[in-house]
Amino acid sequence: MAAPKQAPKARVVLQQCDSAKLEVQPQTSDQSGQFVEVKRGMIVFICLFNGATEETLEKMVKRIMNVKLCECKGEQLMSVLDLPGDILIIPQACLGGRLQGKAMQYHSLVAKSEGLQLYNKFVKLCENAMQQNVESEEAGTVVKHGTYGNRQVLKVESNGPFTHIIDFYSEN
């Protein structure tokens, strides 16, 4: 008999981009909307599940920063650090949804307060990894991020829907 399938601790969707703009604060009657922007690089949509830990985040950052998914003028694929490219991190709880009948269920997501702490730690780890990379530092690449728990509007320019999903389990 096969062992039961283990639930992921986190899920990311990585999407290559030429540029991206994310509205992090919507326009109000008193204030115009606030945006963060990145140039060529990668968008990281992140979802955290029950059981996600700081150790999970460290593994995620190591993999995300070093996976060879970025195209470079017809050459081999490169990591976002090797490119060097920008990173836009967007919290995306909907990646953790599960269809139950005709409705989506989100019971396996980490609690909102814990999710916010882990998300902020993930952003810091990504910023640190980018700062420690000589090529990225010299090129002036940036890590930008959305706001946890809010709806946000995203505009992306891309040279194709070059998108990958990665689940992170306790052993990987």
# chains A, B, ... in the order shown; residues from 1 in each chain; ligands from 1
call {"tool": "select_by_dssp", "arguments": {"residues": "chain A", "states": "helix (DSSP H, G or I)", "output": "PyMOL selection string"}}
result
chain A and resi 54-66+93-96+112-131+134-139
call {"tool": "closest_atom_pairs", "arguments": {"of": "range 7-87 of chain A", "to": "range 95-110 of chain A", "cutoff": "12 Å", "atoms": "only C-alpha atoms", "output": "tab-separated table"}}
result
residue	atom	partner	partner_atom	distance
A:Ala7	CA	A:Ser108	CA	8.7
A:Pro8	CA	A:Ser108	CA	9.4
A:Lys9	CA	A:Val110	CA	9.0
A:Ala10	CA	A:Gly96	CA	8.6
A:Arg11	CA	A:Leu95	CA	7.2
A:Val12	CA	A:Leu95	CA	8.1
A:Val13	CA	A:Leu95	CA	8.5
A:Val44	CA	A:Leu95	CA	11.9
A:Phe45	CA	A:Leu95	CA	8.4
A:Ile46	CA	A:Leu95	CA	7.8
A:Cys47	CA	A:Leu95	CA	6.0
A:Leu48	CA	A:Val110	CA	5.9
A:Phe49	CA	A:Leu109	CA	4.2
A:Asn50	CA	A:Val110	CA	4.3
A:Gly51	CA	A:Val110	CA	7.3
A:Ala52	CA	A:Val110	CA	7.4
A:Thr53	CA	A:Val110	CA	10.1
call {"tool": "residues_around", "arguments": {"residues": "range 143-157 of chain A", "least_positions_apart": "4", "cutoff": "8 Å", "atoms": "only C-alpha atoms", "output": "PyMOL selection string"}}
result
chain A and resi 17-26+36-38+86-91+112+116+119+123+126-127+130
call {"tool": "closest_residue", "arguments": {"among": "A:Ser136, A:Gln131, A:Lys59, A:Gln34", "to": "Ser79 in chain A", "atoms": "only C-alpha atoms"}}
result
A:Ser136
call {"tool": "closest_residue", "arguments": {"among": "A:Ala93, A:Met60, A:Ile165, A:Ala129", "to": "Val142 in chain A", "atoms": "only C-alpha atoms"}}
result
A:Ala129
call {"tool": "residues_around", "arguments": {"residues": "Asn133 in chain A", "least_positions_apart": "5", "cutoff": "10 Å", "atoms": "only C-alpha atoms", "output": "PyMOL selection string"}}
result
chain A and resi 81-82+84+128+138
call {"tool": "select_by_dssp", "arguments": {"residues": "chain A", "states": "strand (DSSP E or B)", "output": "MDAnalysis selection string"}}
result
chainID A and resid 10:17 19:25 34:38 41:49 70 78 86:91 98:100 103:105 109 143:145 153:157 163:168
call {"tool": "atom_distance", "arguments": {"atom1": "CA of Gln92 in chain A", "atom2": "CA of Asn66 in chain A"}}
result
21.6 Å
call {"tool": "atom_distance", "arguments": {"atom1": "CA of Cys70 in chain A", "atom2": "CA of Leu14 in chain A"}}
result
10.1 Å
